[in-house]
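Enquirer: Hey, dropping work07.cif in here, mmCIF, C-alpha atoms:
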```cif
data_model
#
loop_
_atom_site.label_atom_id
_atom_site.label_comp_id
_atom_site.auth_asym_id
_atom_site.auth_seq_id
_atom_site.Cartn_x
_atom_site.Cartn_y
_atom_site.Cartn_z
CA MET A 1 8.61 24.17 -35.36
CA GLY A 2 6.24 26.75 -33.87
CA LYS A 3 5.63 27.62 -30.25
CA LEU A 4 5.75 24.65 -27.88
CA SER A 5 2.32 24.64 -26.24
CA CYS A 6 3.51 22.27 -23.50
CA PHE A 7 5.35 25.16 -21.84
CA LYS A 8 3.18 26.64 -19.08
CA SER A 9 3.80 29.49 -16.63
CA TYR A 10 5.90 27.43 -14.21
CA ASP A 11 6.49 24.01 -15.79
CA VAL A 12 6.05 21.82 -18.87
CA ARG A 13 2.88 19.76 -19.34
CA GLY A 14 1.35 18.19 -22.43
CA ARG A 15 -0.61 15.39 -24.02
CA LEU A 16 1.59 12.57 -25.28
CA GLY A 17 1.89 12.44 -29.03
CA ASP A 18 0.13 15.79 -29.33
CA ASN A 19 2.37 18.46 -27.84
CA LEU A 20 4.88 16.32 -25.93
CA ASP A 21 7.07 13.47 -27.20
CA GLU A 22 10.64 12.12 -27.03
CA ASP A 23 11.97 14.66 -29.53
CA ILE A 24 10.60 17.55 -27.47
CA ALA A 25 11.98 15.98 -24.29
CA GLN A 26 15.44 15.74 -25.84
CA ARG A 27 15.19 19.33 -27.07
CA ILE A 28 14.25 20.50 -23.58
CA GLY A 29 17.23 18.70 -22.08
CA ARG A 30 19.62 20.26 -24.60
CA ALA A 31 18.03 23.69 -24.13
CA PHE A 32 18.26 23.42 -20.34
CA ALA A 33 21.98 22.69 -20.70
CA GLU A 34 22.45 25.67 -23.03
CA ALA A 35 20.40 28.14 -20.99
CA LEU A 36 21.73 27.37 -17.52
CA ASN A 37 25.16 25.82 -18.17
CA PRO A 38 24.46 23.85 -14.99
CA GLY A 39 27.42 21.44 -14.96
CA SER A 40 25.34 18.70 -13.38
CA VAL A 41 21.59 18.07 -13.23
CA VAL A 42 19.51 15.75 -11.03
CA VAL A 43 16.79 13.88 -12.92
CA GLY A 44 13.95 11.83 -11.43
CA ARG A 45 10.66 10.43 -12.67
CA ASP A 46 7.19 9.45 -11.53
CA GLY A 47 5.46 6.12 -12.12
CA ARG A 48 3.70 6.84 -15.41
CA GLU A 49 4.26 4.42 -18.27
CA SER A 50 5.74 7.15 -20.47
CA SER A 51 8.10 8.56 -17.83
CA PRO A 52 11.12 6.24 -18.34
CA VAL A 53 11.18 6.89 -22.11
CA LEU A 54 10.83 10.65 -21.69
CA GLN A 55 13.48 10.60 -18.98
CA GLN A 56 15.93 8.83 -21.28
CA ALA A 57 15.33 11.37 -24.05
CA LEU A 58 15.67 14.26 -21.60
CA MET A 59 18.94 12.89 -20.21
CA LEU A 60 20.31 12.40 -23.73
CA GLY A 61 19.64 16.06 -24.47
CA LEU A 62 21.33 17.10 -21.24
CA ARG A 63 24.39 14.95 -21.89
CA ASN A 64 24.62 16.16 -25.49
CA GLY A 65 24.96 19.62 -23.97
CA GLY A 66 27.88 18.49 -21.79
CA VAL A 67 25.86 18.11 -18.59
CA ASP A 68 26.62 15.39 -16.06
CA VAL A 69 23.37 13.61 -15.21
CA LEU A 70 22.56 12.33 -11.72
CA ASP A 71 19.64 9.91 -12.10
CA ILE A 72 17.73 9.26 -8.87
CA GLY A 73 15.10 7.12 -10.60
CA LEU A 74 11.53 6.68 -9.35
CA CYS A 75 10.80 9.40 -6.80
CA GLY A 76 8.66 12.36 -5.81
CA THR A 77 9.20 15.90 -7.04
CA GLU A 78 10.44 17.05 -3.65
CA GLU A 79 13.17 14.40 -3.78
CA VAL A 80 14.49 16.04 -6.96
CA TYR A 81 14.41 19.39 -5.16
CA PHE A 82 16.30 17.94 -2.21
CA ALA A 83 18.83 16.06 -4.34
CA THR A 84 19.56 19.15 -6.43
CA ASP A 85 20.57 20.98 -3.28
CA HIS A 86 22.19 17.98 -1.59
CA PHE A 87 24.48 17.17 -4.54
CA ASN A 88 25.14 20.86 -5.21
CA ALA A 89 23.89 20.33 -8.75
CA GLY A 90 23.28 23.18 -11.16
CA GLY A 91 19.69 22.13 -11.74
CA GLY A 92 17.02 19.48 -11.34
CA ILE A 93 14.26 18.09 -13.55
CA MET A 94 11.38 15.86 -12.50
CA VAL A 95 9.52 13.92 -15.17
CA THR A 96 5.90 14.01 -13.99
CA ALA A 97 2.37 14.94 -14.94
CA SER A 98 1.34 14.99 -11.26
CA HIS A 99 -2.49 14.90 -11.19
CA ASN A 100 -3.09 15.33 -14.94
CA PRO A 101 -4.88 12.67 -17.05
CA ILE A 102 -3.17 9.39 -17.87
CA ASP A 103 -2.24 10.45 -21.43
CA TYR A 104 -0.28 13.47 -20.15
CA ASN A 105 3.26 13.94 -18.91
CA GLY A 106 5.63 16.81 -18.27
CA PHE A 107 8.63 18.28 -16.48
CA LYS A 108 9.16 20.33 -13.34
CA LEU A 109 12.42 22.23 -13.59
CA VAL A 110 14.60 24.02 -11.04
CA ARG A 111 17.98 25.68 -11.09
CA GLU A 112 20.77 25.50 -8.48
CA GLY A 113 19.60 25.31 -4.87
CA ALA A 114 16.22 24.06 -6.13
CA ARG A 115 15.27 27.62 -7.05
CA PRO A 116 12.20 27.74 -9.29
CA LEU A 117 12.04 28.63 -12.95
CA SER A 118 9.20 30.50 -14.63
CA LEU A 119 8.53 31.84 -18.11
CA GLU A 120 9.88 35.22 -16.99
CA ASN A 121 12.87 33.69 -15.22
CA GLY A 122 14.61 31.10 -17.39
CA LEU A 123 11.79 28.86 -18.60
CA GLY A 124 11.00 31.15 -21.52
CA GLN A 125 14.63 31.05 -22.63
CA ILE A 126 14.60 27.24 -22.45
CA HIS A 127 11.47 27.25 -24.62
CA ASP A 128 13.10 29.45 -27.26
CA LEU A 129 16.27 27.35 -27.33
CA ALA A 130 14.24 24.14 -27.58
CA LEU A 131 12.80 25.41 -30.86
CA MET A 132 16.25 25.67 -32.43
CA ASP A 133 17.58 22.94 -34.71
CA ASN A 134 21.21 24.05 -34.70
CA LEU A 135 22.27 23.53 -31.08
CA PRO A 136 25.43 21.42 -31.40
CA VAL A 137 26.08 18.02 -29.83
CA LEU A 138 29.21 18.70 -27.81
CA GLU A 139 32.25 16.59 -28.55
CA LYS A 140 32.55 15.58 -24.90
CA ALA A 141 29.24 14.30 -23.65
CA GLY A 142 28.24 14.64 -20.03
CA SER A 143 28.50 11.64 -17.73
CA TYR A 144 25.69 9.48 -16.36
CA THR A 145 25.49 8.35 -12.72
CA ARG A 146 22.69 6.36 -11.08
CA THR A 147 22.54 7.55 -7.49
CA SER A 148 20.34 8.05 -4.44
CA CYS A 149 20.12 10.29 -1.40
CA LEU A 150 16.96 8.78 0.09
CA LYS A 151 18.55 8.33 3.51
CA GLU A 152 19.64 11.95 3.64
CA TYR A 153 16.24 13.09 2.38
CA CYS A 154 14.52 11.19 5.21
CA GLU A 155 16.85 12.77 7.75
CA ARG A 156 16.01 16.27 6.47
CA VAL A 157 12.26 15.65 6.50
CA LEU A 158 12.35 14.13 9.98
CA SER A 159 14.37 17.11 11.27
CA PHE A 160 11.11 19.09 11.34
CA VAL A 161 9.71 16.98 14.19
CA LYS A 162 10.79 15.02 17.26
CA PRO A 163 9.81 11.49 16.22
CA ALA A 164 9.78 10.12 19.78
CA LYS A 165 6.90 12.50 20.55
CA ILE A 166 4.71 11.06 17.79
CA GLY A 167 2.07 8.55 18.83
CA PRO A 168 0.36 6.43 19.61
CA LEU A 169 -1.52 7.06 16.37
CA LYS A 170 -3.24 5.05 13.68
CA ILE A 171 -2.98 6.79 10.30
CA VAL A 172 -4.46 5.85 6.93
CA VAL A 173 -2.08 6.64 4.06
CA ASN A 174 -3.33 6.63 0.46
CA ALA A 175 -0.64 6.95 -2.21
CA GLY A 176 -3.19 6.66 -5.00
CA ASN A 177 -0.85 4.29 -6.89
CA GLY A 178 1.48 7.25 -7.42
CA VAL A 179 5.08 7.35 -6.21
CA ALA A 180 4.47 8.28 -2.55
CA GLY A 181 4.49 4.65 -1.38
CA PRO A 182 8.20 3.73 -1.57
CA THR A 183 9.36 7.03 -0.08
CA PHE A 184 6.75 6.81 2.67
CA ASP A 185 8.00 3.31 3.54
CA ALA A 186 11.53 4.63 3.99
CA LEU A 187 10.24 7.42 6.22
CA ALA A 188 8.13 4.99 8.26
CA VAL A 189 11.17 2.81 8.97
CA ALA A 190 13.22 5.85 10.00
CA LEU A 191 10.37 7.05 12.23
CA GLU A 192 10.13 3.74 14.05
CA LEU A 193 13.88 3.62 14.62
CA ARG A 194 13.64 7.06 16.23
CA GLY A 195 10.89 6.05 18.65
CA ALA A 196 7.68 7.08 16.92
CA ARG A 197 4.62 4.98 17.76
CA ALA A 198 2.46 4.95 14.68
CA ASN A 199 0.46 2.25 12.96
CA PHE A 200 -0.08 2.89 9.25
CA VAL A 201 -2.94 1.53 7.16
CA LYS A 202 -1.88 1.57 3.51
CA VAL A 203 -4.34 2.16 0.66
CA HIS A 204 -3.46 1.94 -3.08
CA HIS A 205 0.12 1.97 -1.87
CA ASN A 206 2.19 0.60 -4.74
CA PRO A 207 3.05 2.62 -7.86
CA ASP A 208 0.98 1.45 -10.83
CA SER A 209 1.26 3.16 -14.21
CA THR A 210 -2.29 2.13 -15.16
CA PHE A 211 -3.78 3.97 -12.15
CA PRO A 212 -6.44 1.31 -11.57
CA ASN A 213 -8.12 3.46 -8.91
CA GLY A 214 -8.06 6.68 -10.94
CA ILE A 215 -5.52 9.47 -11.29
CA PRO A 216 -4.46 10.50 -7.78
CA ASN A 217 -5.90 13.97 -7.22
CA PRO A 218 -7.61 14.17 -3.81
CA LEU A 219 -8.58 17.78 -4.45
CA LEU A 220 -11.45 16.34 -6.50
CA PRO A 221 -14.35 15.25 -4.24
CA GLU A 222 -14.94 12.09 -6.30
CA ASN A 223 -11.43 10.86 -5.41
CA ARG A 224 -11.82 11.02 -1.64
CA ALA A 225 -14.02 8.05 -0.79
CA SER A 226 -11.29 5.41 -0.53
CA THR A 227 -9.38 7.42 2.09
CA SER A 228 -12.50 8.48 3.99
CA GLU A 229 -13.91 4.96 4.11
CA ALA A 230 -10.61 3.50 5.28
CA VAL A 231 -10.37 6.04 8.12
CA LEU A 232 -13.82 5.05 9.35
CA ALA A 233 -13.31 1.29 8.86
CA GLN A 234 -10.00 1.34 10.74
CA SER A 235 -11.04 3.86 13.43
CA ALA A 236 -7.94 5.82 12.46
CA ASP A 237 -6.84 9.09 14.05
CA PHE A 238 -6.61 10.73 10.64
CA GLY A 239 -6.04 9.97 6.98
CA LEU A 240 -3.67 11.19 4.30
CA ALA A 241 -3.80 11.16 0.52
CA TRP A 242 -1.22 12.39 -1.96
CA ASP A 243 -1.30 13.41 -5.59
CA GLY A 244 0.77 11.57 -8.20
CA ASP A 245 4.19 13.08 -7.42
CA PHE A 246 3.31 13.71 -3.73
CA ASP A 247 4.23 17.36 -3.59
CA ARG A 248 0.71 17.89 -2.21
CA CYS A 249 -0.72 16.20 0.88
CA PHE A 250 -4.42 16.12 1.81
CA PHE A 251 -5.93 15.45 5.24
CA PHE A 252 -9.02 13.63 6.51
CA ASP A 253 -10.09 13.87 10.14
CA GLU A 254 -11.04 10.95 12.39
CA ALA A 255 -14.63 11.08 11.07
CA GLY A 256 -13.36 10.63 7.51
CA ASP A 257 -14.18 14.24 6.62
CA PHE A 258 -11.91 16.05 4.16
CA VAL A 259 -10.05 19.01 5.69
CA ASP A 260 -10.06 22.02 3.38
CA GLY A 261 -6.61 23.33 2.54
CA GLU A 262 -7.02 26.81 4.04
CA TYR A 263 -7.49 25.29 7.50
CA VAL A 264 -4.42 23.10 7.06
CA VAL A 265 -2.45 26.29 6.36
CA GLY A 266 -3.71 27.70 9.64
CA LEU A 267 -2.86 24.51 11.52
CA LEU A 268 0.67 24.31 10.11
CA ALA A 269 1.21 28.00 10.82
CA ALA A 270 0.28 27.31 14.44
CA THR A 271 2.78 24.44 14.67
CA PHE A 272 5.61 26.65 13.43
CA LEU A 273 4.75 29.56 15.68
CA GLU A 274 4.97 27.27 18.70
CA LYS A 275 8.50 26.36 17.60
CA SER A 276 9.52 29.80 16.23
CA LYS A 277 7.96 32.63 18.24
CA GLY A 278 7.24 35.76 16.22
CA ALA A 279 8.07 34.13 12.87
CA ASN A 280 6.87 35.32 9.48
CA ILE A 281 4.24 33.17 7.74
CA VAL A 282 3.45 33.65 4.04
CA HIS A 283 -0.02 32.81 2.72
CA ASP A 284 -1.96 33.17 -0.50
CA THR A 285 -4.81 35.66 -0.70
CA ARG A 286 -7.62 33.46 -2.01
CA VAL A 287 -8.82 32.53 1.49
CA MET A 288 -6.88 34.17 4.31
CA TRP A 289 -8.93 35.35 7.31
CA ASN A 290 -8.44 32.16 9.32
CA THR A 291 -4.70 32.08 8.64
CA VAL A 292 -4.29 35.75 9.59
CA ASP A 293 -6.27 35.16 12.79
CA VAL A 294 -4.22 32.10 13.78
CA VAL A 295 -0.91 33.81 13.05
CA GLN A 296 -1.75 37.04 14.86
CA ARG A 297 -3.08 35.27 17.96
CA ALA A 298 0.13 33.22 18.08
CA GLY A 299 2.31 36.33 17.89
CA GLY A 300 3.50 35.84 14.33
CA HIS A 301 3.37 37.99 11.21
CA ALA A 302 1.05 37.01 8.34
CA ILE A 303 2.36 38.15 4.95
CA PRO A 304 0.28 37.79 1.74
CA SER A 305 1.67 36.56 -1.57
CA ARG A 306 0.40 35.96 -5.05
CA THR A 307 -0.50 32.36 -5.81
CA GLY A 308 2.02 30.12 -7.61
CA HIS A 309 5.09 28.35 -6.34
CA PRO A 310 7.79 30.68 -7.77
CA LEU A 311 5.97 33.68 -6.33
CA MET A 312 5.42 32.09 -2.92
CA LYS A 313 9.01 30.92 -2.68
CA GLN A 314 10.39 34.34 -3.62
CA LYS A 315 8.17 36.11 -1.10
CA MET A 316 9.33 33.67 1.59
CA ARG A 317 12.95 34.44 0.74
CA ASP A 318 12.25 38.16 0.74
CA VAL A 319 10.79 38.14 4.26
CA ASP A 320 12.66 35.13 5.71
CA ALA A 321 9.40 33.25 6.34
CA VAL A 322 9.66 29.93 8.16
CA TYR A 323 6.58 28.55 6.39
CA GLY A 324 4.31 29.38 3.48
CA GLY A 325 1.00 27.76 2.57
CA GLU A 326 -1.54 27.77 -0.21
CA MET A 327 -5.11 26.52 0.11
CA SER A 328 -4.41 24.19 -2.85
CA ALA A 329 -2.28 22.02 -0.50
CA HIS A 330 1.12 23.33 -1.50
CA HIS A 331 3.14 23.86 1.68
CA TYR A 332 6.60 25.48 1.59
CA PHE A 333 9.34 25.30 4.19
CA ARG A 334 12.34 27.57 4.68
CA ASP A 335 14.48 24.72 5.96
CA PHE A 336 13.59 22.60 2.95
CA MET A 337 15.11 24.96 0.36
CA TYR A 338 11.91 27.04 0.53
CA CYS A 339 10.33 24.19 -1.46
CA ASP A 340 7.00 22.43 -1.22
CA SER A 341 6.74 19.03 0.41
CA GLY A 342 3.95 16.50 0.79
CA MET A 343 5.70 14.59 3.58
CA ILE A 344 6.65 17.32 6.05
CA PRO A 345 3.02 18.49 6.63
CA TRP A 346 1.64 15.20 7.90
CA LEU A 347 4.61 14.70 10.22
CA LEU A 348 4.00 18.12 11.76
CA VAL A 349 0.30 17.37 12.21
CA ALA A 350 1.04 13.95 13.72
CA GLU A 351 3.41 15.54 16.22
CA TYR A 352 0.91 18.31 17.03
CA LEU A 353 -1.93 15.86 17.62
CA SER A 354 0.29 13.67 19.80
CA ILE A 355 1.49 16.53 22.00
CA SER A 356 -1.89 18.26 22.30
CA GLY A 357 -3.93 15.10 22.84
CA MET A 358 -6.63 16.61 20.63
CA LYS A 359 -8.40 15.15 17.63
CA LEU A 360 -7.92 16.68 14.20
CA SER A 361 -11.60 17.62 14.01
CA GLN A 362 -11.23 19.55 17.28
CA LEU A 363 -8.24 21.49 16.00
CA ILE A 364 -9.98 22.36 12.74
CA GLY A 365 -13.57 22.73 14.01
CA GLY A 366 -13.14 26.14 15.57
CA MET A 367 -11.44 27.47 12.45
CA LYS A 368 -14.29 26.31 10.21
CA GLU A 369 -16.91 27.74 12.55
CA ASN A 370 -15.19 31.11 12.92
CA PHE A 371 -14.25 31.48 9.24
CA PRO A 372 -16.43 29.37 6.95
CA SER A 373 -15.34 29.42 3.31
CA SER A 374 -16.69 28.35 -0.05
CA GLY A 375 -13.74 26.38 -1.31
CA GLU A 376 -12.60 27.24 -4.82
CA ILE A 377 -15.50 27.56 -7.27
CA ASN A 378 -14.49 27.46 -10.94
CA PHE A 379 -16.30 29.07 -13.85
CA GLN A 380 -15.44 28.24 -17.47
CA LEU A 381 -16.32 31.45 -19.29
CA GLU A 382 -15.66 32.72 -22.79
CA ASP A 383 -14.59 36.15 -21.53
CA PRO A 384 -13.22 36.03 -17.95
CA LYS A 385 -12.08 39.67 -18.08
CA ALA A 386 -15.61 40.83 -18.87
CA ALA A 387 -16.90 38.72 -15.98
CA ILE A 388 -14.42 40.32 -13.59
CA ALA A 389 -15.50 43.77 -14.82
CA ALA A 390 -19.15 42.87 -14.14
CA PHE A 391 -18.21 41.67 -10.64
CA GLU A 392 -16.31 44.89 -9.94
CA GLU A 393 -19.23 47.01 -11.12
CA VAL A 394 -21.43 45.43 -8.46
CA TYR A 395 -19.04 45.08 -5.52
CA LEU A 396 -16.23 47.64 -5.62
CA GLU A 397 -18.12 50.80 -4.71
CA ASP A 398 -19.32 49.74 -1.24
CA ALA A 399 -16.32 47.58 -0.27
CA LEU A 400 -14.28 48.50 2.79
CA SER A 401 -11.15 47.77 0.79
CA VAL A 402 -10.06 46.40 -2.57
CA ASP A 403 -6.85 44.46 -3.13
CA ARG A 404 -5.35 43.55 -6.51
CA LEU A 405 -2.32 41.60 -5.34
CA ASP A 406 -3.70 38.42 -6.92
CA GLY A 407 -6.79 38.95 -9.04
CA VAL A 408 -9.25 41.20 -7.22
CA SER A 409 -10.26 40.85 -3.57
CA VAL A 410 -13.14 42.79 -2.02
CA VAL A 411 -13.55 43.11 1.73
CA TYR A 412 -16.81 43.87 3.54
CA PRO A 413 -17.34 43.92 7.32
CA ASP A 414 -18.45 40.28 7.57
CA TRP A 415 -17.39 38.70 4.27
CA ARG A 416 -14.64 38.70 1.70
CA ALA A 417 -14.27 37.43 -1.87
CA ASN A 418 -11.33 36.82 -4.19
CA LEU A 419 -11.76 36.45 -7.94
CA ARG A 420 -8.87 35.54 -10.21
CA VAL A 421 -8.08 34.01 -13.57
CA SER A 422 -6.22 30.69 -13.23
CA ASN A 423 -2.49 30.72 -14.02
CA THR A 424 -2.67 27.22 -15.48
CA GLU A 425 -6.20 26.61 -16.83
CA PRO A 426 -8.86 28.59 -18.78
CA LEU A 427 -10.93 29.16 -15.65
CA LEU A 428 -12.18 31.98 -13.47
CA ARG A 429 -11.75 31.05 -9.80
CA LEU A 430 -13.91 32.38 -6.96
CA ASN A 431 -13.36 32.07 -3.22
CA VAL A 432 -15.67 33.53 -0.58
CA GLU A 433 -15.24 33.60 3.20
CA THR A 434 -17.22 35.08 6.09
CA ARG A 435 -16.90 35.76 9.77
CA ALA A 436 -18.85 32.96 11.48
CA ASP A 437 -21.86 33.23 9.18
CA GLY A 438 -22.67 30.21 7.03
CA ASP A 439 -25.94 31.71 5.78
CA LEU A 440 -24.15 34.85 4.58
CA LEU A 441 -21.57 32.65 2.85
CA ARG A 442 -24.22 30.80 0.87
CA THR A 443 -26.00 34.04 0.00
CA GLN A 444 -22.89 35.73 -1.37
CA ILE A 445 -21.86 32.65 -3.35
CA ARG A 446 -25.30 32.65 -4.97
CA HIS A 447 -25.28 36.39 -5.72
CA ILE A 448 -21.79 36.37 -7.25
CA SER A 449 -22.45 33.19 -9.25
CA ASP A 450 -25.59 34.80 -10.70
CA ILE A 451 -23.42 37.55 -12.20
CA PHE A 452 -21.54 34.97 -14.28
CA THR A 453 -24.47 32.64 -14.97
CA PHE A 454 -26.69 35.27 -16.51
CA ARG A 455 -24.08 37.04 -18.60
#
```
With the file now loaded, output its structure as C-alpha cells.

Expert:
Amino acid sequence: MGKLSCFKSYDVRGRLGDNLDEDIAQRIGRAFAEALNPGSVVVGRDGRESSPVLQQALMLGLRNGGVDVLDIGLCGTEEVYFATDHFNAGGGIMVTASHNPIDYNGFKLVREGARPLSLENGLGQIHDLALMDNLPVLEKAGSYTRTSCLKEYCERVLSFVKPAKIGPLKIVVNAGNGVAGPTFDALAVALELRGARANFVKVHHNPDSTFPNGIPNPLLPENRASTSEAVLAQSADFGLAWDGDFDRCFFFDEAGDFVDGEYVVGLLAATFLEKSKGANIVHDTRVMWNTVDVVQRAGGHAIPSRTGHPLMKQKMRDVDAVYGGEMSAHHYFRDFMYCDSGMIPWLLVAEYLSISGMKLSQLIGGMKENFPSSGEINFQLEDPKAAIAAFEEVYLEDALSVDRLDGVSVVYPDWRANLRVSNTEPLLRLNVETRADGDLLRTQIRHISDIFTFR
C-alpha cells in the first residue's frame, strides 16, 4: 500500500471507494491507538449514508488497539471536541466530510483536551502506521460504550451568553439537512427554559443523507437562496445557515443579505471586548483591517495568525486570546477548549442584537462601508508559485510594507492584498481590502486578476 492520499494537512478526506473505504478506516483507528496510546477515544458521526459503516470500521480498529470507545452517535464536530474534554478521553474522532461532495467522507481527529492534530504533529505518524500490515490485534480488546453529554454540551455553549437577555427575536435557522438540527433543538429548549424569547423558523432542518437540497455549504453563493428567501418571507431579524457538521455558522441580515465572514469576526470581537476589557483577539491575515479597527477602538489587542485551525488554536493558547476568528466562518473560543463552534457565534450575536436594539445590517453596515473587501477570489493555475512571483514583481517595490506570515500581504496607504496558496485545495487565493473606497477595490481586483489571466 502506497501513500494514503486521503490524509490532508489537518484531517482525513477522500472519495469513497477511491481513496477511502472501510479497510482504511479500520487502519486509521488502529494507527490512532498505536500513535497516541489514548486509553479512551470519543467517536461521533455526521448524517452521511456512509458514516455509520466507516464509524464501525474505525471503532473496530481502535478497539483492536486496546482503546475504550465512547460512541456519541449522530452529532456535530464540536460535540466530539466537547465530549473528548468532558470525558477526559485521550482523543476524539469525528466521521464527517463536512461540506464536501456526497461521495466523500473523512475524519477529523484530536488528541486529549481536544487539541488538534496536523501532519507535523501526530497526523503524519498516524498515516505511516496506517500503512503497516503488521500492527497486532491486542489480546484484550477495548470496550464499547454508547453515551451522550448533550445536556452538558448545551450548558457549556449557553454559558457564553445570558439567555434571559435574548429576545424578542425571530430567527431563521437552516441546517441544510446536515446534523445541526437535533443539536439546535436541544439548545432551543434549554434557551427557552432559561428565559430567552426567540421564535425559530426552521429550514431543511432534519438530517437527510441524500441531501435533497444540495450539500450544505453556505459559503457558496448558489447555496444561500433558501435562507435569504425565508428571512424575507418571515420578516425575521436575521438568518443562520450551517455546513454539514455545523462547525461553521453563516449569517444573513434582516434584508436577507449574506454577511461576509470578516465582518462577523469584527462583530464577535466586539462582543467579547465588551465582556472582557483589554482582551487579546486572534485573527487571520487574509482580510484584517476591519477586525484590527474594531479591536483597537474597543481597547483590545489584535494578534495575527496563519490560517488553519491548528495554527489559530496554538496562537490563541500562546497569547491567551479569548476569541479567534477566520473569515471562512471558523470561530474559536478559549472557554470552549480553544475549539471552533458553529453554535456559540449565533448566540452571541442574538444577545448583542437584543441588548443593543440594533439591526444586524446596522451593526455590519459601517464596517462594510469603512473597509470594503473582495471576498476570497480563487484562481486555479498550473504554477501558483510563478503567479505569486509575477504578483510580487509588480507590487512589492512600492508597498508600504510586506508581510509573509501567511502567503504574501502587501500594504499600500489605502488598500491591502493577501495572496496565498490554499492549504487544502490546488488553488491560489486572493483577498483585497481598501479604506472606504469601493472603486479602488474594484480597480485593484481587476489589475491583480489580469496578472494571472494573461500569464

Enquirer: May I ask which of the residues A:Leu428, A:Ile303, A:Val172, A:Gly65 is the closest one to Ala386 (chain A), counting only C-alpha atoms?

Expert: A:Leu428

Enquirer: Once the PyMOL selection byres ((chain A and resi 438) around 10) has been evaluated on this model, what residues remain selected, and can you format them as a list in words?

Expert: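 This file, filtered by the PyMOL selection byres ((chain A and resi 438) around 10), leaves Lys368, Glu369, Asn370, Phe371, Pro372, Ser373, Ser374, Glu433, Thr434, Arg435, Ala436, Asp437, Asp439, Leu440, Leu441, Arg442 and Thr443 of chain A.
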
Enquirer: For each of A:Asp103, A:Glu34, A:Glu79, A:Glu392, take the minimum atom-to-atom distance to Ile126 (chain A), counting all atoms listed in the file, then give the residue where this is smallest.

Expert: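 Ranking A:Asp103, A:Glu34, A:Glu79, A:Glu392 by distance to Ile126 (chain A), first place goes to A:Glu34.
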
Enquirer: Each residue of region 163-189 of chain A with at least one atom at most 10 Å from region 229-253 of chain A should appear once, together with its nearest atom pair and the corresponding distance in Å (one decimal); atoms considered: all atoms listed in the file; ordering: chain, then increasing residue number; output as JSON lines.

Expert:
```
{"residue": "A:Pro168", "atom": "CA", "partner": "A:Asp237", "partner_atom": "CA", "distance": 9.5}
{"residue": "A:Leu169", "atom": "CA", "partner": "A:Asp237", "partner_atom": "CA", "distance": 6.1}
{"residue": "A:Lys170", "atom": "CA", "partner": "A:Ala236", "partner_atom": "CA", "distance": 4.9}
{"residue": "A:Ile171", "atom": "CA", "partner": "A:Phe238", "partner_atom": "CA", "distance": 5.4}
{"residue": "A:Val172", "atom": "CA", "partner": "A:Gly239", "partner_atom": "CA", "distance": 4.4}
{"residue": "A:Val173", "atom": "CA", "partner": "A:Leu240", "partner_atom": "CA", "distance": 4.8}
{"residue": "A:Asn174", "atom": "CA", "partner": "A:Ala241", "partner_atom": "CA", "distance": 4.6}
{"residue": "A:Ala175", "atom": "CA", "partner": "A:Trp242", "partner_atom": "CA", "distance": 5.5}
{"residue": "A:Gly176", "atom": "CA", "partner": "A:Trp242", "partner_atom": "CA", "distance": 6.8}
{"residue": "A:Asn177", "atom": "CA", "partner": "A:Gly244", "partner_atom": "CA", "distance": 7.6}
{"residue": "A:Gly178", "atom": "CA", "partner": "A:Gly244", "partner_atom": "CA", "distance": 4.4}
{"residue": "A:Val179", "atom": "CA", "partner": "A:Asp245", "partner_atom": "CA", "distance": 5.9}
{"residue": "A:Ala180", "atom": "CA", "partner": "A:Phe246", "partner_atom": "CA", "distance": 5.7}
{"residue": "A:Gly181", "atom": "CA", "partner": "A:Phe246", "partner_atom": "CA", "distance": 9.4}
{"residue": "A:Thr183", "atom": "CA", "partner": "A:Phe246", "partner_atom": "CA", "distance": 9.7}
```

Enquirer: Considering all atoms listed in the file, can you say which of A:Phe32, A:Phe258, A:Phe7, A:Phe200 comes closest to Asn223 (chain A)?

Expert: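 So, comparing all the options, the nearest one is A:Phe258.
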
Enquirer: Determine, counting all atoms listed in the file, every residue of protein, DNA or RNA that lies within 9 Å of (14.2, 5.3, -10.8) in the file coordinates, then give the result as a PyMOL selection string.

Expert: chain A and resi 44-47+52+71-75+146

Enquirer: May I have the protein, DNA and RNA residues with any atom at most 10 Å from the point (18.4, 19.6, -8.8), counting all atoms listed in the file, written as an NGL selection string?

Expert: :A and (38 or 40-44 or 70 or 78-94 or 109-115)

Enquirer: Which value, in Å to one decimal, gives the distance between CA of Arg334 (chain A) and CA of Ala186 (chain A)?

Expert: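 It comes out at 23.0 Å.
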
Enquirer: Would you mind reading off the distance between CA of Asn19 (chain A) and CA of Cys6 (chain A), one decimal, in Å?

Expert: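 About the pair CA of Asn19 (chain A) and CA of Cys6 (chain A): they are 5.9 Å apart.
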
Enquirer: Near His331 (chain A), within 8 Å and counting all atoms listed in the file, which residues show up once chain neighbours fewer than 4 positions away are dropped, as JSON, numbers by chain?

Expert: {"A": [248, 265, 323, 324, 325, 326, 339, 340, 341, 342, 345]}
